[in-house]
Amino acid sequence: MAKDDTKKKDDDAETKDGESTTEEQAGEAKESLIAKLKAKVSGVKVPSPEPLRGPRDLWQVPVLVLGVLMLFVGARMWVVEAPGPDFAGALDSVAEAITSQEYERAIEILNDPLAEYILSEDATTSERGRYDLLSADALYYAQKSRDISLTDNHERIVEYYREARERYLTDLTARQSVNLAHTLLALKRADEALGEIRTLGGEYSQLRFEVYQEVVNQSLEADEPLVDEKRLTQILNEMRDESVATPEDRVWVVIQQTRMRLRGGYVEQAIERLLPEIQALPSRQSEAAGRLFVLLASAYFELGLTEAAKDHVARSSGLLPTSDPSFAQGEVLQARILQVEGQAEEARDRFAGVATRFPQSGAGAAAWLGLGEIEAELAHYRDSLDAYLQVISSVERGDQMGDLGREGIEGSMLKQYTRLSLEGDHENALRYAELILRLHGTDPSATSVLRMAEAHRALAEQLLKDVPKTADGLPDFSGVDPVTMEEARSHSYKSAQAYRQHARMVALADAEASGTSLWFSADGYDRAGEDIEARKGFAEYVQTRPDDPRAIQARYRLARVNQSRGEYPAAVELFEEILSLEPTSVWAYRSYVPLSQCMMLSGADNAVDSAETKLLEVLEGGLFEPDAVEFKAALIELGLLYRRVERYPEAIEHLSSALTRFPELEDDPQLLFALSDANRGSATQIAETLRATLPRSEKLRLAKLRKERLIEALGMYDRVAQALEEGGRRRTDLEKLIQRNAMFYRGDCAYDLGRSLQGQESETAVAYFNDAIRYYDAAAQRFSDDASSLVAMVQIVNCHAALENWREAKTAQVRARSRLKELPREAFETAELPMSRAHWEEWLESTIALEKRASVQVP
């Protein structure tokens with residue numbers, strides 16, 4: 001006995017010495033290995049047991065408790081009471097549990113207590129290898145039984161199988177090799193999987209056939225095939241030649257080969273191969289024949305031979321059970337035939353039947369796709385979109401899709417998108433574009449992004465199709481209602497984002513398409529009012545595509561963006577570059593007016609002279625015909641420039657010329673206001689001149705001219721005020737300001753006319769004062785909440801004082817002083833109160849006159 005003990009110790013020592021290197025390598029990995037085994041179990045969710053239903057089930061409780069207790073005690077006894085751990089017994093228990101499909105029980109034993117001791121010096125290499133094999137088996141079958149497929153678990157299964165074989169030199173059984181192959185396929189590692197089963201002997205052909213089937217199925221039904229077509233063809237040929245292949249197996253191979261030919265467009269070859277195969281079957285009245293008839297019908301349908309397709313699919317219907325996937329495919333084909341023949345309602349009903357009876361199958365997905373097409377043909381777009389959404393949901397869930405690939409689904413929706421876009425139904429076209437984008441998940445294709453960009457751009461343009469354009473060809477938002485404007489800007493912004501994404505995606509593959517998208521992106525941001533992003537886009541276009549025909553236009557648009565942001569020096573530089581680079585281009589011609597505007601506002605030395613020179617080049621240099629848009633813009637801008645620098649006679653000349661030359665400007669409130677203002681300003685300058693000593697004839701001439709100027713200004717102010725009041729459309733902030741000032745200034749013109757005619761044409765003067773009172777009163781009521789209402793109230797006081805209507809003047813004075821007290825001090829420090837020094841002085845004179853009359857109590 002002692003001798004035996006000594007021998008055992010020597011053997012253990014030898015084993016320990018032989019494994020010392022292994023133990024050192026495994027020591028640091030012990031905790032992580034145990035953690036991995038425990039982590040892998042967490043991926044397998046055990047369903048909650050049903051609650052006990054009553055006393056008849058209570059007998060299970062003590063039995064279950066006793067069983068668990070005995071299991072725990074037994075598992076511990078081999079560690080605590082045995083002379084050494086009984087690894088073999090514990091591993092046998094794991095194997096029995098796996099054989100009994102008690103996978104959770106097997107995992108519990110593997111975790112506790114085996115995981116704690118398997119790396120100890122008491123365990124042999126073979127026991128560790130067996131432990132790894134059983135760990136892989138338990139996790140593989142546990143996942144499979146729960147229909148779970150987690151990448152982390154697959155990785156661990158591969159790790160345990162390979163560690164057993166490579167580290168502990170433990171052979172895998174044929175079944176375990178197949179399990180490993182299936183796991184590798186789940187990880188998309190097809191070459192490794194095929195390598196595993198090729199080492200199996202001929203007696204395991206059926207197991208090899210099983211793996212081959214999975215490779216074929218995943219290659220034909222997945223978006224990314226596991227193997228290429230050449231390799232797939234080789235596998236199918238091997239499967240057909242397998243000695244263990246049954247007639248059913250060979251039919252299955254023929255079906256897959258036919259699917260490949262049809263998918264590759266070799267329809268004639270598919271028919272030529274199918275006909276002999278059907279003839280070679282033991283019977284043409286079998287289920288196998290029915291499956292081949294469905295494929296033959298599909299091939300004839302692809303060739304447009306619908307009658308032959310109808311005959312063969314009808315044959316298949318009587319041979320296949322209604323639960324057979326091929327029967328469902330035949331039903332889909334019959335629906336397709338009805339669709340082609342124009343029987344939309346009948347096709348829809350058949351598609352709906354398949355979709356209901358075969359959910360989450362390739363035929364079901366094809367039926368939903370058919371429904372999407374049929375409903376779109378019937379203009380039931382909501383139902384069509386819902387049907388397509390069902391197909392996309394199937395893709396997202398990972399359902400079997402049969403021969404329906406992502407490309408085919410996208411092609412079907414793209415057909416609807418294209419048709420609707422051509423018909424001008426951009427709103428529904430956008431919905432299909434959104435579904436195409438969703439189909440691609442987190443990795444959208446460049447074309448799907450481009451469709452979104454195009455749809456949003458088309459919608460924005462459609463919303464603004466009747467809106468007048470500015471000189472730059474952009475929509476004039478001044479006449480657009482706020483809701484439409486915001487909607488159009490939103491679509492333009494989304495379009496710009498999508499175009500920019502597309503430009504980045506195809507920059508290397510297609511520089512031309514990238515440049516086009518970059519342009520539309522910058523243009524979209526500009527239309528959306530996103531000037532910073534627009535500036536970035538146009539600047540990038542100029543920098544990256546300097547030789548592109550659109551580069552000069554990009555410079556112009558970039559200059560305009562800078563102008564709108566008040567960055568006048570930068571805009572001037574760009575406009576001058578355009579005139580230098582392409583002086584005869586349309587963009588150079590369009591640059592003259594905005595260049596003069598920017599020069600004027602830049603604050604540079606001689607800015608006015610430079611701006612005037614550029615505008616005169618347009619008007620006098622023969623660059624444009626007198627009826628050209630650029631000529632019109634320059635004529636107006638020069639008139640506005642003269643008005644801005646108080647050269648009123650020249651302003652009147654050019655603005656009046658614009659109205660005469662271009663009749664469409666007669667109702668332009670901004671132009672009319674500018675001309676009115678020029679006339680009023682000229683009248684003010686003439687009044688200053690009349691204070692000087694002049695010959696009588698000159699005084700008479702100037703007085704007459706001043707009167708004419710005031711009458712002209714009064715009439716135009718009145719036209720502007722009425723036009724903006726009765727316009728029936730949304731007014732811009734500028735138009736609101738113009739309307740307010742026009743209503744006040746027409747009162748000023750009437751008041752100045754009354755003052756100038758006092759003592760000369762008394763009745764006419766009285767009439768003008770009364771007109772002024774009427775105008776001022778209308779302005780005070782229209783803008784009662786505006787600080788400017790004080791001006792109107794003050795002028796009413798001055799009018800009554802000029803007419804010596806003292807009672808009315810006193811009443812008006814009370815209102816004016818009351819309004820004065822209401823105004824905050826800040827109102828006098830801003831332009832919010834457009835009250836000139838002349839207004840204040842005249843009010844002071846009227847106030848003093850009222851106070852004097854009050855002191856002497858003159859009635």
# chains A, B, ... in the order shown; residues from 1 in each chain; ligands from 1
>>> residues_around(residues="region 193-204 of chain A", least_positions_apart="6", cutoff="12 Å", atoms="only C-alpha atoms", output="short mmCIF file (atom, residue, chain, number, x, y, z; two decimals) with C-alpha atoms, in the first residue's frame")
data_model
loop_
_atom_site.label_atom_id
_atom_site.label_comp_id
_atom_site.auth_asym_id
_atom_site.auth_seq_id
_atom_site.Cartn_x
_atom_site.Cartn_y
_atom_site.Cartn_z
CA VAL A 158 -15.06 28.83 -30.45
CA TYR A 161 -13.47 24.16 -28.49
CA ARG A 162 -10.14 25.36 -29.80
CA LEU A 172 -13.32 16.91 -30.91
CA THR A 173 -16.00 14.44 -31.89
CA ALA A 174 -17.55 14.77 -35.34
CA ARG A 175 -20.64 16.35 -33.75
CA GLN A 176 -18.50 18.85 -31.88
CA SER A 177 -16.64 19.73 -35.09
CA VAL A 178 -19.99 20.43 -36.72
CA ASN A 179 -21.07 22.52 -33.71
CA LEU A 180 -17.86 24.50 -34.06
CA ALA A 181 -18.51 24.94 -37.79
CA HIS A 182 -22.05 26.21 -37.17
CA THR A 183 -20.71 28.66 -34.59
CA LEU A 184 -18.06 29.93 -37.00
CA LEU A 185 -20.76 30.43 -39.63
CA ALA A 186 -22.74 32.50 -37.14
CA LEU A 187 -19.63 34.67 -36.88
CA GLU A 210 -25.83 19.79 -42.84
CA VAL A 211 -23.13 22.46 -42.68
CA TYR A 212 -23.08 22.84 -46.44
CA GLN A 213 -26.82 23.54 -46.36
CA GLU A 214 -26.35 26.35 -43.90
CA VAL A 215 -23.57 27.88 -46.01
CA VAL A 216 -25.81 27.76 -49.09
CA LEU A 226 -20.75 33.85 -46.85
CA VAL A 227 -18.95 32.63 -49.97
CA ARG A 231 -17.29 28.61 -54.22
CA LEU A 232 -21.04 28.20 -53.78
CA ILE A 235 -20.25 23.30 -52.67
CA GLU A 238 -20.12 18.38 -53.84
CA GLU A 242 -22.31 12.99 -51.80
CA SER A 243 -22.95 9.25 -51.58
CA VAL A 244 -25.37 9.72 -48.70
CA ALA A 245 -27.46 12.34 -50.53
#
>>> residues_around(residues="Ala95 (chain A)", least_positions_apart="3", cutoff="9 Å", atoms="only C-alpha atoms", output="list of chain:residue names")
A:Ala90, A:Leu91, A:Asp92, A:Ile98, A:Thr99, A:Ser100, A:Ala106, A:Leu134, A:Ala138
>>> closest_residue(among="A:Trp368, A:Tyr589, A:Trp252, A:Tyr417", to="Ser394 (chain A)", atoms="only C-alpha atoms")
A:Trp368
>>> select_by_dssp(residues="region 412-514 of chain A", states="helix (DSSP H, G or I)", output="ChimeraX atom specification")
/A:412-423,426-439,446-463,477-479,482-505,511-514
>>> write_last_selection(atoms="C-alpha atoms", output="compact mmCIF listing (two decimals), in the first residue's frame")
# COMPACT_ATOMS: atom_id res chain seq x y z
CA SER A 412 -39.14 48.34 -55.87
CA MET A 413 -39.37 51.43 -53.65
CA LEU A 414 -37.11 53.38 -55.98
CA LYS A 415 -39.58 52.71 -58.80
CA GLN A 416 -42.33 54.37 -56.75
CA TYR A 417 -40.03 57.25 -55.82
CA THR A 418 -39.05 57.88 -59.43
CA ARG A 419 -42.60 57.75 -60.76
CA LEU A 420 -43.94 60.10 -58.10
CA SER A 421 -41.04 62.51 -58.62
CA LEU A 422 -41.75 62.67 -62.34
CA GLU A 423 -45.44 63.25 -61.59
CA HIS A 426 -42.72 65.14 -54.15
CA GLU A 427 -44.32 64.77 -50.73
CA ASN A 428 -45.09 61.07 -51.27
CA ALA A 429 -41.82 60.61 -53.13
CA LEU A 430 -40.05 61.80 -49.99
CA ARG A 431 -41.84 59.14 -47.91
CA TYR A 432 -40.44 56.40 -50.18
CA ALA A 433 -36.98 57.99 -50.04
CA GLU A 434 -37.18 57.89 -46.23
CA LEU A 435 -38.01 54.17 -46.34
CA ILE A 436 -35.10 53.50 -48.71
CA LEU A 437 -32.81 55.26 -46.25
CA ARG A 438 -34.21 53.22 -43.35
CA LEU A 439 -33.66 50.00 -45.30
CA ALA A 446 -24.71 57.14 -51.22
CA THR A 447 -27.70 56.82 -53.56
CA SER A 448 -30.18 56.56 -50.68
CA VAL A 449 -28.78 59.77 -49.19
CA LEU A 450 -28.94 61.44 -52.61
CA ARG A 451 -32.63 60.51 -52.98
CA MET A 452 -33.38 62.25 -49.67
CA ALA A 453 -31.52 65.34 -50.81
CA GLU A 454 -33.36 65.44 -54.14
CA ALA A 455 -36.77 64.93 -52.55
CA HIS A 456 -36.33 67.70 -49.99
CA ARG A 457 -35.00 70.09 -52.63
CA ALA A 458 -37.89 69.34 -54.96
CA LEU A 459 -40.41 69.94 -52.16
CA ALA A 460 -38.84 73.27 -51.28
CA GLU A 461 -38.94 74.36 -54.92
CA GLN A 462 -42.53 73.20 -55.28
CA LEU A 463 -43.62 75.23 -52.27
CA PHE A 477 -39.43 85.61 -49.36
CA SER A 478 -40.99 89.02 -48.80
CA GLY A 479 -44.28 87.87 -50.29
CA PRO A 482 -44.71 82.53 -42.58
CA VAL A 483 -45.90 78.91 -42.57
CA THR A 484 -44.94 78.24 -46.19
CA MET A 485 -41.66 80.09 -45.78
CA GLU A 486 -40.68 78.06 -42.73
CA GLU A 487 -41.66 74.79 -44.38
CA ALA A 488 -39.65 75.65 -47.50
CA ARG A 489 -36.64 76.65 -45.44
CA SER A 490 -36.86 73.40 -43.46
CA HIS A 491 -36.82 71.33 -46.65
CA SER A 492 -33.95 73.41 -48.05
CA TYR A 493 -31.95 72.87 -44.87
CA LYS A 494 -32.53 69.10 -44.84
CA SER A 495 -31.70 68.97 -48.53
CA ALA A 496 -28.45 70.84 -47.89
CA GLN A 497 -27.45 68.44 -45.11
CA ALA A 498 -28.12 65.37 -47.25
CA TYR A 499 -26.30 66.82 -50.26
CA ARG A 500 -23.28 67.59 -48.09
CA GLN A 501 -23.30 64.03 -46.73
CA HIS A 502 -23.51 62.64 -50.27
CA ALA A 503 -20.66 64.89 -51.42
CA ARG A 504 -18.42 63.46 -48.68
CA MET A 505 -19.47 59.87 -49.42
CA ALA A 511 -15.51 63.70 -58.06
CA GLU A 512 -18.06 65.14 -60.49
CA ALA A 513 -21.07 63.89 -58.51
CA SER A 514 -19.40 65.09 -55.31
>>> residues_around(residues="region 543-549 of chain A", least_positions_apart="4", cutoff="12 Å", atoms="only C-alpha atoms", output="compact mmCIF listing (two decimals) with N, CA, C and O atoms, in the first residue's frame")
# COMPACT_ATOMS: atom_id res chain seq x y z
N ALA A 507 -16.76 61.47 -52.66
CA ALA A 507 -15.66 62.37 -53.03
C ALA A 507 -14.55 61.65 -53.78
O ALA A 507 -14.00 62.17 -54.75
N ALA A 511 -15.78 62.30 -58.39
CA ALA A 511 -15.51 63.70 -58.06
C ALA A 511 -16.56 64.63 -58.65
O ALA A 511 -16.93 65.65 -58.05
N GLU A 512 -17.07 64.29 -59.84
CA GLU A 512 -18.06 65.14 -60.49
C GLU A 512 -19.37 65.17 -59.70
O GLU A 512 -19.96 66.23 -59.46
N SER A 514 -19.68 64.44 -56.59
CA SER A 514 -19.40 65.09 -55.31
C SER A 514 -19.47 66.60 -55.45
O SER A 514 -20.03 67.30 -54.59
N GLY A 515 -18.91 67.13 -56.56
CA GLY A 515 -18.96 68.57 -56.78
C GLY A 515 -20.37 69.08 -56.95
O GLY A 515 -20.74 70.14 -56.41
N THR A 516 -21.19 68.33 -57.68
CA THR A 516 -22.59 68.73 -57.88
C THR A 516 -23.32 68.78 -56.55
O THR A 516 -24.07 69.73 -56.27
N LEU A 518 -21.99 69.14 -53.59
CA LEU A 518 -21.43 70.23 -52.78
C LEU A 518 -22.10 71.55 -53.18
O LEU A 518 -22.43 72.37 -52.32
N TRP A 519 -22.31 71.74 -54.48
CA TRP A 519 -22.98 72.96 -54.94
C TRP A 519 -24.40 73.05 -54.40
O TRP A 519 -24.81 74.09 -53.86
N LYS A 536 -19.47 78.54 -45.93
CA LYS A 536 -18.51 77.43 -45.92
C LYS A 536 -18.60 76.62 -47.20
O LYS A 536 -17.57 76.24 -47.79
N GLY A 537 -19.83 76.34 -47.63
CA GLY A 537 -20.03 75.51 -48.82
C GLY A 537 -19.51 76.18 -50.08
O GLY A 537 -18.78 75.55 -50.87
N PHE A 538 -19.86 77.45 -50.29
CA PHE A 538 -19.41 78.13 -51.49
C PHE A 538 -17.89 78.35 -51.47
O PHE A 538 -17.22 78.25 -52.51
N ALA A 539 -17.35 78.64 -50.29
CA ALA A 539 -15.89 78.81 -50.18
C ALA A 539 -15.16 77.49 -50.51
O ALA A 539 -14.15 77.50 -51.21
N GLN A 553 -19.74 81.42 -60.44
CA GLN A 553 -21.04 81.62 -59.79
C GLN A 553 -20.90 81.42 -58.29
O GLN A 553 -21.54 82.13 -57.50
N ALA A 554 -20.08 80.45 -57.88
CA ALA A 554 -19.86 80.21 -56.45
C ALA A 554 -19.23 81.44 -55.80
O ALA A 554 -19.57 81.81 -54.67
N ARG A 555 -18.28 82.09 -56.53
CA ARG A 555 -17.69 83.33 -56.01
C ARG A 555 -18.76 84.39 -55.82
O ARG A 555 -18.77 85.12 -54.83
N LEU A 558 -20.92 83.53 -52.90
CA LEU A 558 -20.15 83.75 -51.67
C LEU A 558 -20.08 85.25 -51.36
O LEU A 558 -20.23 85.66 -50.19
N LEU A 581 -11.63 88.17 -63.37
CA LEU A 581 -11.45 86.83 -63.93
C LEU A 581 -12.30 86.60 -65.18
O LEU A 581 -11.83 86.05 -66.18
N GLU A 582 -13.57 86.98 -65.10
CA GLU A 582 -14.47 86.74 -66.23
C GLU A 582 -15.34 87.98 -66.46
O GLU A 582 -16.53 88.00 -66.13
N SER A 585 -18.78 87.62 -68.24
CA SER A 585 -19.74 86.60 -67.79
C SER A 585 -20.98 87.26 -67.20
O SER A 585 -20.96 88.43 -66.80
N TRP A 587 -22.20 86.60 -64.44
CA TRP A 587 -21.98 86.87 -63.01
C TRP A 587 -21.18 88.15 -62.81
O TRP A 587 -21.35 88.84 -61.80
>>> atom_distance(atom1="CA of Glu116 (chain A)", atom2="CA of Tyr131 (chain A)")
12.0 Å
>>> residues_around(residues="Lys704 (chain A)", least_positions_apart="6", cutoff="12 Å", atoms="only C-alpha atoms", output="PDB file with all heavy atoms, in the first residue's frame")
ATOM      1  N   ALA A 683     -37.541 119.193 -51.560  1.00  0.00           N
ATOM      2  CA  ALA A 683     -38.347 120.328 -51.087  1.00  0.00           C
ATOM      3  C   ALA A 683     -37.713 120.955 -49.859  1.00  0.00           C
ATOM      4  O   ALA A 683     -37.699 122.199 -49.711  1.00  0.00           O
ATOM      5  CB  ALA A 683     -39.765 119.865 -50.782  1.00  0.00           C
ATOM      6  N   ILE A 686     -34.753 122.998 -50.975  1.00  0.00           N
ATOM      7  CA  ILE A 686     -35.198 124.239 -51.624  1.00  0.00           C
ATOM      8  C   ILE A 686     -35.629 125.256 -50.571  1.00  0.00           C
ATOM      9  O   ILE A 686     -35.344 126.472 -50.689  1.00  0.00           O
ATOM     10  CB  ILE A 686     -36.342 123.954 -52.614  1.00  0.00           C
ATOM     11  CG1 ILE A 686     -35.822 123.126 -53.795  1.00  0.00           C
ATOM     12  CG2 ILE A 686     -36.979 125.250 -53.105  1.00  0.00           C
ATOM     13  CD1 ILE A 686     -36.914 122.635 -54.734  1.00  0.00           C
ATOM     14  N   ALA A 687     -36.292 124.772 -49.529  1.00  0.00           N
ATOM     15  CA  ALA A 687     -36.710 125.685 -48.456  1.00  0.00           C
ATOM     16  C   ALA A 687     -35.505 126.343 -47.812  1.00  0.00           C
ATOM     17  O   ALA A 687     -35.544 127.553 -47.475  1.00  0.00           O
ATOM     18  CB  ALA A 687     -37.518 124.912 -47.422  1.00  0.00           C
ATOM     19  N   LEU A 690     -34.276 129.034 -50.161  1.00  0.00           N
ATOM     20  CA  LEU A 690     -35.161 130.210 -50.208  1.00  0.00           C
ATOM     21  C   LEU A 690     -34.918 131.162 -49.053  1.00  0.00           C
ATOM     22  O   LEU A 690     -35.349 132.338 -49.109  1.00  0.00           O
ATOM     23  CB  LEU A 690     -36.626 129.754 -50.215  1.00  0.00           C
ATOM     24  CG  LEU A 690     -37.126 129.145 -51.523  1.00  0.00           C
ATOM     25  CD1 LEU A 690     -38.514 128.543 -51.355  1.00  0.00           C
ATOM     26  CD2 LEU A 690     -37.142 130.214 -52.634  1.00  0.00           C
ATOM     27  N   SER A 697     -37.246 136.454 -59.408  1.00  0.00           N
ATOM     28  CA  SER A 697     -37.616 135.420 -60.376  1.00  0.00           C
ATOM     29  C   SER A 697     -37.144 134.027 -59.928  1.00  0.00           C
ATOM     30  O   SER A 697     -37.855 133.033 -60.096  1.00  0.00           O
ATOM     31  CB  SER A 697     -37.022 135.751 -61.747  1.00  0.00           C
ATOM     32  OG  SER A 697     -35.596 135.828 -61.668  1.00  0.00           O
ATOM     33  N   GLU A 698     -35.935 134.012 -59.340  1.00  0.00           N
ATOM     34  CA  GLU A 698     -35.407 132.717 -58.873  1.00  0.00           C
ATOM     35  C   GLU A 698     -36.211 132.210 -57.686  1.00  0.00           C
ATOM     36  O   GLU A 698     -36.481 131.005 -57.560  1.00  0.00           O
ATOM     37  CB  GLU A 698     -33.935 132.866 -58.507  1.00  0.00           C
ATOM     38  CG  GLU A 698     -33.257 131.588 -58.033  1.00  0.00           C
ATOM     39  CD  GLU A 698     -33.178 130.523 -59.120  1.00  0.00           C
ATOM     40  OE1 GLU A 698     -33.506 130.803 -60.296  1.00  0.00           O
ATOM     41  OE2 GLU A 698     -32.820 129.364 -58.784  1.00  0.00           O
ATOM     42  N   LEU A 710     -43.436 118.833 -53.233  1.00  0.00           N
ATOM     43  CA  LEU A 710     -44.252 118.407 -52.095  1.00  0.00           C
ATOM     44  C   LEU A 710     -45.532 117.723 -52.561  1.00  0.00           C
ATOM     45  O   LEU A 710     -45.961 116.721 -51.975  1.00  0.00           O
ATOM     46  CB  LEU A 710     -44.585 119.611 -51.203  1.00  0.00           C
ATOM     47  CG  LEU A 710     -43.418 120.156 -50.365  1.00  0.00           C
ATOM     48  CD1 LEU A 710     -43.816 121.463 -49.678  1.00  0.00           C
ATOM     49  CD2 LEU A 710     -42.993 119.125 -49.311  1.00  0.00           C
ATOM     50  N   ILE A 711     -46.146 118.249 -53.593  1.00  0.00           N
ATOM     51  CA  ILE A 711     -47.373 117.631 -54.106  1.00  0.00           C
ATOM     52  C   ILE A 711     -47.078 116.232 -54.647  1.00  0.00           C
ATOM     53  O   ILE A 711     -47.829 115.286 -54.417  1.00  0.00           O
ATOM     54  CB  ILE A 711     -48.005 118.521 -55.193  1.00  0.00           C
ATOM     55  CG1 ILE A 711     -48.543 119.827 -54.567  1.00  0.00           C
ATOM     56  CG2 ILE A 711     -49.115 117.794 -55.926  1.00  0.00           C
ATOM     57  CD1 ILE A 711     -49.037 120.836 -55.575  1.00  0.00           C
ATOM     58  N   LEU A 753     -47.058 122.149 -47.202  1.00  0.00           N
ATOM     59  CA  LEU A 753     -47.778 122.865 -48.252  1.00  0.00           C
ATOM     60  C   LEU A 753     -48.667 123.945 -47.648  1.00  0.00           C
ATOM     61  O   LEU A 753     -48.758 125.080 -48.159  1.00  0.00           O
ATOM     62  CB  LEU A 753     -48.607 121.885 -49.085  1.00  0.00           C
ATOM     63  CG  LEU A 753     -47.829 121.062 -50.130  1.00  0.00           C
ATOM     64  CD1 LEU A 753     -48.675 119.898 -50.646  1.00  0.00           C
ATOM     65  CD2 LEU A 753     -47.386 121.967 -51.285  1.00  0.00           C
ATOM     66  N   SER A 756     -46.505 126.831 -46.486  1.00  0.00           N
ATOM     67  CA  SER A 756     -45.899 127.612 -47.582  1.00  0.00           C
ATOM     68  C   SER A 756     -46.923 128.484 -48.300  1.00  0.00           C
ATOM     69  O   SER A 756     -46.572 129.504 -48.908  1.00  0.00           O
ATOM     70  CB  SER A 756     -45.232 126.677 -48.590  1.00  0.00           C
ATOM     71  OG  SER A 756     -46.206 125.861 -49.240  1.00  0.00           O
ATOM     72  N   LEU A 757     -48.206 128.085 -48.228  1.00  0.00           N
ATOM     73  CA  LEU A 757     -49.243 128.812 -48.953  1.00  0.00           C
ATOM     74  C   LEU A 757     -50.004 129.795 -48.067  1.00  0.00           C
ATOM     75  O   LEU A 757     -50.891 130.518 -48.552  1.00  0.00           O
ATOM     76  CB  LEU A 757     -50.229 127.829 -49.594  1.00  0.00           C
ATOM     77  CG  LEU A 757     -49.633 126.928 -50.686  1.00  0.00           C
ATOM     78  CD1 LEU A 757     -50.674 125.910 -51.159  1.00  0.00           C
ATOM     79  CD2 LEU A 757     -49.139 127.762 -51.866  1.00  0.00           C
TER      80      LEU A 757
END
